[in-house]
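**Q** Next comes the structure file final34.txt, holding compact mmCIF, C-alpha atoms and all ligand atoms.
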# COMPACT_ATOMS: atom_id res chain seq x y z
CA MET A 1 0.00 0.00 0.00
CA ASP A 2 1.21 3.49 -0.89
CA LYS A 3 2.48 5.24 2.32
CA ASP A 4 0.88 8.55 1.31
CA VAL A 5 -2.56 7.00 0.96
CA LEU A 6 -2.24 5.39 4.39
CA LEU A 7 -1.18 8.72 5.89
CA LYS A 8 -4.20 10.43 4.34
CA SER A 9 -6.55 7.94 5.93
CA GLU A 10 -4.85 8.42 9.31
CA VAL A 11 -5.21 12.20 9.02
CA LEU A 12 -8.90 11.85 8.22
CA LEU A 13 -9.42 9.54 11.19
CA GLU A 14 -7.55 11.87 13.54
CA ALA A 15 -10.24 14.43 12.73
CA LEU A 16 -13.13 12.18 13.82
CA PRO A 17 -13.24 13.07 17.54
CA TYR A 18 -13.03 16.76 16.63
CA ILE A 19 -15.75 16.50 14.02
CA ARG A 20 -17.95 14.84 16.66
CA GLN A 21 -17.17 17.66 19.12
CA PHE A 22 -18.17 20.33 16.63
CA TYR A 23 -21.10 18.51 15.00
CA LYS A 24 -24.13 20.85 14.92
CA LYS A 25 -22.15 23.40 16.95
CA THR A 26 -21.58 27.03 15.99
CA ILE A 27 -18.10 28.39 15.33
CA VAL A 28 -17.68 32.15 14.90
CA ILE A 29 -14.65 33.07 12.80
CA LYS A 30 -13.10 36.55 12.55
CA TYR A 31 -11.61 36.79 9.09
CA GLY A 32 -9.14 39.65 8.74
CA GLY A 33 -6.79 41.51 6.45
CA HIS A 34 -3.82 39.16 6.66
CA ALA A 35 -5.80 36.07 5.69
CA MET A 36 -7.22 37.96 2.69
CA LYS A 37 -3.90 39.08 1.28
CA ASP A 38 -3.82 36.87 -1.80
CA GLU A 39 -6.14 34.87 -4.01
CA ALA A 40 -4.78 31.46 -2.95
CA LEU A 41 -5.30 32.19 0.76
CA LYS A 42 -8.82 33.50 0.12
CA GLN A 43 -9.74 30.37 -1.82
CA ALA A 44 -8.23 28.11 0.86
CA PHE A 45 -10.26 29.92 3.52
CA ALA A 46 -13.49 29.60 1.50
CA LYS A 47 -12.87 25.86 1.04
CA CYS A 48 -12.15 25.32 4.75
CA VAL A 49 -15.36 27.09 5.78
CA THR A 50 -17.40 25.21 3.19
CA LEU A 51 -15.93 21.91 4.37
CA LEU A 52 -16.94 22.80 7.94
CA ARG A 53 -20.51 23.41 6.76
CA TYR A 54 -20.68 20.08 4.90
CA ILE A 55 -19.48 18.04 7.89
CA GLY A 56 -22.28 19.50 10.00
CA VAL A 57 -20.63 22.47 11.70
CA ASN A 58 -22.33 25.92 11.65
CA PRO A 59 -19.68 28.49 10.70
CA VAL A 60 -20.44 32.21 11.06
CA ILE A 61 -18.01 34.71 9.54
CA VAL A 62 -17.34 38.23 10.85
CA HIS A 63 -14.89 40.11 8.65
CA GLY A 64 -12.65 43.16 8.78
CA GLY A 65 -11.27 45.12 5.85
CA GLY A 66 -8.94 47.86 7.10
CA PRO A 67 -6.49 47.67 4.17
CA GLN A 68 -9.32 47.72 1.58
CA ILE A 69 -10.85 50.80 3.30
CA GLY A 70 -7.45 52.54 3.27
CA ARG A 71 -7.03 51.85 -0.46
CA MET A 72 -10.49 53.18 -1.35
CA LEU A 73 -9.97 56.36 0.71
CA ASP A 74 -6.73 56.92 -1.23
CA GLN A 75 -8.40 56.31 -4.58
CA LEU A 76 -11.18 58.77 -3.75
CA ASN A 77 -8.68 61.29 -2.34
CA ILE A 78 -10.46 61.46 0.99
CA PRO A 79 -7.89 62.58 3.55
CA SER A 80 -7.84 60.96 7.00
CA ALA A 81 -7.16 62.70 10.26
CA PHE A 82 -5.54 60.68 13.05
CA ARG A 83 -5.51 61.05 16.84
CA ASP A 84 -3.01 59.02 18.86
CA GLY A 85 -2.41 56.84 15.78
CA LEU A 86 -6.12 56.05 15.37
CA ARG A 87 -8.04 57.04 12.26
CA ILE A 88 -10.89 59.47 12.83
CA THR A 89 -13.99 58.26 10.99
CA ASP A 90 -15.77 61.44 9.88
CA ASP A 91 -19.02 61.38 7.83
CA ALA A 92 -17.25 61.07 4.44
CA THR A 93 -14.98 58.31 5.76
CA MET A 94 -17.94 56.42 7.26
CA ASN A 95 -19.66 56.39 3.86
CA VAL A 96 -16.58 54.77 2.34
CA VAL A 97 -16.20 52.35 5.26
CA GLU A 98 -19.77 51.13 4.82
CA MET A 99 -19.46 50.92 1.05
CA VAL A 100 -16.26 48.90 1.25
CA LEU A 101 -17.11 46.64 4.22
CA ALA A 102 -20.81 45.94 3.64
CA GLY A 103 -20.51 46.14 -0.16
CA GLN A 104 -17.22 45.15 -1.74
CA VAL A 105 -15.52 43.01 0.93
CA ASN A 106 -18.69 41.33 2.21
CA LYS A 107 -19.86 40.33 -1.27
CA GLN A 108 -16.40 39.12 -2.29
CA ILE A 109 -16.38 36.73 0.67
CA VAL A 110 -19.93 35.60 -0.10
CA ASN A 111 -18.99 35.01 -3.74
CA GLN A 112 -15.87 33.04 -2.80
CA LEU A 113 -17.83 30.80 -0.41
CA ASN A 114 -20.50 30.22 -3.05
CA LEU A 115 -17.83 29.31 -5.62
CA ALA A 116 -16.39 26.79 -3.15
CA GLY A 117 -19.83 25.18 -2.95
CA GLY A 118 -21.07 26.76 0.28
CA ARG A 119 -24.25 28.84 0.36
CA ALA A 120 -23.42 32.19 1.92
CA VAL A 121 -25.48 35.28 2.72
CA GLY A 122 -23.84 38.60 3.55
CA ILE A 123 -25.37 41.04 6.00
CA SER A 124 -24.22 44.12 7.87
CA GLY A 125 -25.16 44.80 11.47
CA LYS A 126 -28.02 46.95 10.14
CA ASP A 127 -29.85 43.99 8.62
CA GLY A 128 -32.40 42.61 11.06
CA GLU A 129 -30.97 45.08 13.61
CA THR A 130 -28.34 42.43 14.27
CA ILE A 131 -25.70 44.77 15.78
CA ARG A 132 -26.76 47.59 18.07
CA CYS A 133 -24.06 49.95 19.23
CA ARG A 134 -23.20 53.34 20.68
CA LYS A 135 -20.45 55.81 19.98
CA LEU A 136 -17.17 54.66 21.49
CA GLU A 137 -15.85 56.92 24.22
CA LEU A 138 -12.15 56.21 24.27
CA ALA A 139 -10.34 57.48 27.35
CA VAL A 140 -6.63 58.09 26.86
CA ASP A 141 -4.34 58.42 29.89
CA ARG A 142 -1.94 61.36 29.75
CA GLU A 143 1.02 61.71 32.02
CA ASN A 144 0.18 63.92 35.03
CA LEU A 145 -3.18 64.82 33.49
CA ALA A 146 -6.73 63.56 33.88
CA PRO A 147 -7.69 60.95 31.24
CA GLU A 148 -8.95 62.60 28.06
CA ILE A 149 -11.89 61.28 26.02
CA ILE A 150 -10.95 61.32 22.35
CA ASP A 151 -13.58 61.63 19.64
CA LEU A 152 -12.97 59.12 16.85
CA GLY A 153 -16.16 60.01 14.96
CA HIS A 154 -18.18 57.05 13.70
CA VAL A 155 -16.42 54.39 15.74
CA GLY A 156 -18.85 52.34 17.82
CA GLU A 157 -18.93 49.72 20.52
CA VAL A 158 -21.43 46.88 20.68
CA THR A 159 -24.36 47.31 23.08
CA GLY A 160 -26.36 44.30 21.94
CA ILE A 161 -26.63 41.55 19.34
CA ASP A 162 -29.98 40.29 18.05
CA PRO A 163 -29.16 36.82 16.71
CA THR A 164 -32.60 36.18 15.14
CA LEU A 165 -31.54 36.79 11.53
CA ILE A 166 -28.24 34.88 11.89
CA ARG A 167 -30.06 31.91 13.45
CA GLY A 168 -32.62 31.92 10.64
CA LEU A 169 -29.91 31.87 8.00
CA MET A 170 -28.08 29.00 9.73
CA ARG A 171 -31.31 27.04 10.10
CA ASP A 172 -31.83 27.29 6.34
CA GLY A 173 -28.30 26.04 5.67
CA PHE A 174 -26.68 29.37 4.82
CA ILE A 175 -23.28 30.57 6.01
CA PRO A 176 -23.82 34.07 7.50
CA VAL A 177 -21.13 36.62 6.60
CA ILE A 178 -21.29 39.74 8.80
CA ALA A 179 -19.78 43.19 8.14
CA PRO A 180 -18.96 45.01 11.41
CA VAL A 181 -21.18 48.04 10.84
CA GLY A 182 -23.91 48.90 13.36
CA VAL A 183 -26.40 51.62 14.27
CA ASP A 184 -27.10 53.43 17.52
CA GLU A 185 -30.58 54.22 18.86
CA ASN A 186 -30.79 57.34 16.67
CA GLY A 187 -29.99 55.41 13.52
CA GLU A 188 -26.42 56.78 13.26
CA THR A 189 -23.99 54.42 11.51
CA TYR A 190 -20.78 53.21 13.16
CA ASN A 191 -17.80 51.07 12.27
CA ILE A 192 -16.94 48.57 15.01
CA ASN A 193 -13.78 46.55 15.57
CA ALA A 194 -14.37 43.13 13.96
CA ASP A 195 -12.75 41.15 16.81
CA THR A 196 -15.25 42.75 19.22
CA VAL A 197 -18.21 41.99 16.98
CA ALA A 198 -17.08 38.37 16.53
CA SER A 199 -16.80 37.94 20.28
CA ALA A 200 -20.25 39.45 20.97
CA VAL A 201 -21.83 37.36 18.18
CA ALA A 202 -20.20 34.19 19.60
CA VAL A 203 -21.69 34.90 23.04
CA ALA A 204 -25.14 35.73 21.60
CA LEU A 205 -25.18 32.50 19.55
CA GLU A 206 -23.83 30.42 22.48
CA ALA A 207 -21.10 29.31 20.08
CA ARG A 208 -18.80 26.38 20.84
CA SER A 209 -15.81 28.39 19.78
CA LEU A 210 -14.50 31.75 18.61
CA VAL A 211 -11.60 31.73 16.16
CA LEU A 212 -9.65 34.94 15.45
CA LEU A 213 -7.42 34.88 12.37
CA THR A 214 -4.48 37.28 12.67
CA ASP A 215 -0.91 37.87 11.44
CA VAL A 216 1.01 35.96 14.13
CA CYS A 217 0.92 32.27 15.02
CA GLY A 218 -0.85 32.96 18.33
CA ILE A 219 0.04 34.61 21.64
CA LEU A 220 3.81 34.69 22.11
CA ASP A 221 5.57 34.48 25.48
CA LYS A 222 8.57 36.56 26.59
CA LYS A 223 10.93 34.32 24.58
CA LYS A 224 8.68 34.75 21.49
CA ASP A 225 7.58 31.12 21.68
CA ARG A 226 3.94 30.34 20.97
CA ILE A 227 1.76 29.67 24.01
CA SER A 228 -0.53 26.77 23.06
CA SER A 229 -3.01 27.06 25.94
CA VAL A 230 -3.77 29.82 28.41
CA ASP A 231 -6.65 30.66 30.76
CA VAL A 232 -8.17 34.01 31.78
CA LYS A 233 -5.87 34.35 34.80
CA GLY A 234 -2.85 33.69 32.59
CA ILE A 235 -4.04 36.30 30.07
CA MET A 236 -4.34 38.94 32.80
CA THR A 237 -0.75 38.25 33.88
CA LEU A 238 0.48 38.47 30.27
CA ILE A 239 -1.18 41.90 29.88
CA GLU A 240 0.03 43.18 33.26
CA ASP A 241 3.67 42.17 32.71
CA GLY A 242 3.69 43.63 29.18
CA THR A 243 4.16 40.33 27.32
CA VAL A 244 0.98 41.07 25.39
CA SER A 245 0.90 44.59 23.92
CA GLY A 246 -0.44 46.68 21.04
CA GLY A 247 -3.17 45.16 18.87
CA MET A 248 -2.93 41.89 20.78
CA ILE A 249 -4.43 43.50 23.93
CA PRO A 250 -7.94 44.16 22.51
CA LYS A 251 -7.76 40.78 20.78
CA VAL A 252 -7.11 38.79 23.97
CA GLN A 253 -9.73 40.92 25.78
CA CYS A 254 -12.27 39.78 23.17
CA CYS A 255 -11.27 36.19 23.89
CA VAL A 256 -11.70 36.73 27.64
CA GLU A 257 -15.16 38.24 27.07
CA ALA A 258 -16.16 35.29 24.88
CA VAL A 259 -15.10 32.55 27.32
CA SER A 260 -16.50 34.52 30.28
CA GLY A 261 -19.77 34.74 28.33
CA GLY A 262 -20.08 30.97 27.92
CA VAL A 263 -18.13 30.25 24.73
CA GLN A 264 -16.09 27.12 25.51
CA LYS A 265 -12.93 28.13 23.77
CA ALA A 266 -11.39 31.06 21.90
CA GLN A 267 -8.55 30.47 19.46
CA ILE A 268 -6.04 32.90 17.95
CA ILE A 269 -4.43 31.54 14.78
CA ASP A 270 -2.27 32.68 11.88
CA GLY A 271 -4.45 33.65 8.93
CA GLY A 272 -1.40 33.70 6.66
CA VAL A 273 -0.99 29.91 6.87
CA PRO A 274 -3.16 28.12 4.30
CA ASN A 275 -5.82 25.90 5.91
CA SER A 276 -4.87 27.13 9.40
CA LEU A 277 -8.53 26.87 10.39
CA LEU A 278 -8.69 23.12 9.74
CA LEU A 279 -5.30 22.48 11.31
CA GLU A 280 -6.38 24.24 14.50
CA LEU A 281 -9.81 22.68 14.75
CA PHE A 282 -9.15 19.14 13.58
CA THR A 283 -5.66 18.07 14.60
CA GLU A 284 -4.34 16.99 17.98
CA GLN A 285 -1.48 19.47 18.24
CA GLY A 286 -3.33 22.59 16.97
CA ILE A 287 -1.32 25.47 15.54
CA GLY A 288 -2.39 28.59 17.46
CA THR A 289 -3.23 29.63 21.01
CA GLU A 290 -6.38 28.40 22.72
CA ILE A 291 -7.90 30.55 25.47
CA LEU A 292 -10.05 28.81 28.09
CA LEU A 293 -11.89 30.12 31.14
CA ASP A 294 -9.90 27.81 33.42
CA LEU A 295 -7.10 25.46 32.44
CA PRO A 296 -7.89 21.90 33.54
P1 LIG A 301 -5.20 42.13 13.51
O1 LIG A 301 -5.09 42.91 12.26
O2 LIG A 301 -5.33 40.65 13.26
O3 LIG A 301 -6.23 42.66 14.48
P2 LIG A 301 -3.17 43.38 15.21
O4 LIG A 301 -1.98 43.98 14.53
O5 LIG A 301 -4.22 44.31 15.71
O6 LIG A 301 -3.77 42.25 14.24
O7 LIG A 301 -2.67 42.50 16.47
C1 LIG A 301 -1.69 41.48 16.31
C2 LIG A 301 -0.30 42.02 16.66
O8 LIG A 301 -0.14 42.14 18.08
C3 LIG A 301 0.85 41.13 16.27
O9 LIG A 301 1.20 41.26 14.92
C4 LIG A 301 1.97 41.61 17.19
O10 LIG A 301 2.74 42.62 16.58
C5 LIG A 301 1.25 42.23 18.38
N1 LIG A 301 1.57 41.58 19.65
C6 LIG A 301 1.84 42.23 20.81
N2 LIG A 301 2.09 41.38 21.82
C7 LIG A 301 2.00 40.12 21.30
C8 LIG A 301 2.17 38.80 21.86
N3 LIG A 301 2.50 38.60 23.16
N4 LIG A 301 1.98 37.74 21.05
C9 LIG A 301 1.63 37.93 19.75
N5 LIG A 301 1.47 39.15 19.17
C10 LIG A 301 1.64 40.25 19.93
MG MG A 302 -6.34 44.57 15.51
Just give me the structure of the file as structure tokens.
**A**
Amino acid sequence: MDKDVLLKSEVLLEALPYIRQFYKKTIVIKYGGHAMKDEALKQAFAKCVTLLRYIGVNPVIVHGGGPQIGRMLDQLNIPSAFRDGLRITDDATMNVVEMVLAGQVNKQIVNQLNLAGGRAVGISGKDGETIRCRKLELAVDRENLAPEIIDLGHVGEVTGIDPTLIRGLMRDGFIPVIAPVGVDENGETYNINADTVASAVAVALEARSLVLLTDVCGILDKKKDRISSVDVKGIMTLIEDGTVSGGMIPKVQCCVEAVSGGVQKAQIIDGGVPNSLLLELFTEQGIGTEILLDLP
């Protein structure tokens, strides 16, 4: 017997206990810039998600699109103002953000999933009033001064998720694809961080797991080695001692909120590795960092 064929059968069998674990369970996946950087990666992602659907898992996608928004603002010559390194989303910028996220990027992902044989439906947080939010009040600490609230314009934070529409789509066999745009109680439109939306959606759907695709192989320790498993207490220590910094801080906070809200596991994986989703979910070793409420 050909060794390769034997190996393939072993790999398939190794997945069985994981497939059983996830059967009929919901997995919320945050799909971001890095994992969308080329055509091959996009196709691999679409195939992985479609495979999940066909083996009886319910995948839900929440996507970002920062680089695509930046490119469109450049093309349209819309200048951006920044405060403390953060883009201010004024009215003109918000129009572009919504056009790019809920239009271009959302429909590209839907199209790619459909081409892979999945049946996808794209929505923004406005559809079915799925994402309710309010304007984000970001307090910035200044040395020797009282914290200052900075106004980032149309940047929101989630106040509630209504999962009715998402559940309906899943029940009918569709893969929901969600753009992180929401409205406040006055109908104002806001852009919301996609990690945050994914986490809130995972809690609202009582998902089995939250998977965040990013540009590193997981959470790294002081020696830059990947941490394979960590619990909430461990995360707090990593933030306090400065091991986790920058963009990784809000990301791990989203994971903490998800597992504290009843999601069994949050996973941070490298979106730049083809098929990273399947490797993390369906192999013994996993390839990223899993975050649990309490380590056994
Ligand atoms: P995304 O676009 O996926 O949200 P971010 O750039 O916001 O990614 O956050 C991921 C980044 O966080 C990594 O590329 C890395 O530079 C930074 N980072 C800070 N501390 C850590 C850590 N301990 N482990 C891994 N990445 C970290
Ligand atoms: Mg980020």
**Q** Within 7 Å of ligand LIG 301 (chain A), counting only C-alpha atoms and all ligand atoms: which residues, as a ChimeraX atom specification?
**A** /A:32-34,213-216,218-221,243-248,251
**Q** Tell me, in Å to one decimal, how far CA of Val97 in chain A is from CA of Ala202 in chain A.
**A**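 Interatomic distance here is 23.5 Å.
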**Q** List the neighbours of range 206-211 of chain A out to 10 Å using all atoms listed in the file; skip same-chain residues closer than 3 positions along the sequence, and give me the result as a short mmCIF file (atom, residue, chain, number, x, y, z; two decimals) with C-alpha atoms, keeping the file's coordinate frame.
**A**
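Output below, filename part.cif:
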data_model
loop_
_atom_site.label_atom_id
_atom_site.label_comp_id
_atom_site.auth_asym_id
_atom_site.auth_seq_id
_atom_site.Cartn_x
_atom_site.Cartn_y
_atom_site.Cartn_z
CA GLN A 21 -17.17 17.66 19.12
CA PHE A 22 -18.17 20.33 16.63
CA LYS A 24 -24.13 20.85 14.92
CA LYS A 25 -22.15 23.40 16.95
CA THR A 26 -21.58 27.03 15.99
CA ILE A 27 -18.10 28.39 15.33
CA VAL A 28 -17.68 32.15 14.90
CA ILE A 29 -14.65 33.07 12.80
CA LYS A 30 -13.10 36.55 12.55
CA TYR A 31 -11.61 36.79 9.09
CA ASN A 58 -22.33 25.92 11.65
CA PRO A 59 -19.68 28.49 10.70
CA VAL A 60 -20.44 32.21 11.06
CA ILE A 61 -18.01 34.71 9.54
CA ASP A 195 -12.75 41.15 16.81
CA ALA A 198 -17.08 38.37 16.53
CA SER A 199 -16.80 37.94 20.28
CA ALA A 200 -20.25 39.45 20.97
CA VAL A 201 -21.83 37.36 18.18
CA ALA A 202 -20.20 34.19 19.60
CA VAL A 203 -21.69 34.90 23.04
CA THR A 214 -4.48 37.28 12.67
CA CYS A 254 -12.27 39.78 23.17
CA CYS A 255 -11.27 36.19 23.89
CA ALA A 258 -16.16 35.29 24.88
CA VAL A 259 -15.10 32.55 27.32
CA GLY A 261 -19.77 34.74 28.33
CA GLY A 262 -20.08 30.97 27.92
CA VAL A 263 -18.13 30.25 24.73
CA GLN A 264 -16.09 27.12 25.51
CA LYS A 265 -12.93 28.13 23.77
CA ALA A 266 -11.39 31.06 21.90
CA GLN A 267 -8.55 30.47 19.46
CA ILE A 268 -6.04 32.90 17.95
CA ILE A 269 -4.43 31.54 14.78
CA LEU A 277 -8.53 26.87 10.39
CA GLU A 280 -6.38 24.24 14.50
CA LEU A 281 -9.81 22.68 14.75
CA GLY A 288 -2.39 28.59 17.46
CA THR A 289 -3.23 29.63 21.01
CA GLU A 290 -6.38 28.40 22.72
CA ILE A 291 -7.90 30.55 25.47
#
**Q** Can you tell me, as a PyMOL selection string, what residues are no more than 8 Å from Asp91 in chain A when counting only C-alpha atoms, ignoring any on the same chain fewer than 2 positions away?
**A** chain A and resi 89+93-95+153-154
**Q** Which residue, A:Val49, A:Ala194, A:Leu145, A:Ile123, has the smallest gap to ligand MG 302 (chain A) when you use all atoms listed in the file?
**A** A:Ala194
**Q** Here is a test: counting all atoms listed in the file, which residue of A:Asn193, A:Gln68, A:Asn77, A:Gln43 is nearest to Met99 in chain A?
**A**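 Ranked by minimum distance to Met99 in chain A, first place goes to A:Gln68.
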**Q** A:Glu188, A:Phe174, A:Leu212, A:Glu10: which is nearest ligand MG 302 (chain A), counting only C-alpha atoms and all ligand atoms?
**A**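 Of A:Glu188, A:Phe174, A:Leu212, A:Glu10, the one nearest ligand MG 302 (chain A) is A:Leu212, counting only C-alpha atoms and all ligand atoms.
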**Q** What does the structure give for the distance between CA of Asp84 in chain A and CA of Leu101 in chain A, in Å to one decimal?
**A**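 Separating CA of Asp84 in chain A from CA of Leu101 in chain A is a distance of 23.8 Å.
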**Q** How many Å lie between CA of Arg87 in chain A and CA of Leu73 in chain A, rounded to one decimal?
**A**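 Interatomic distance, CA of Arg87 in chain A to CA of Leu73 in chain A: 11.7 Å.
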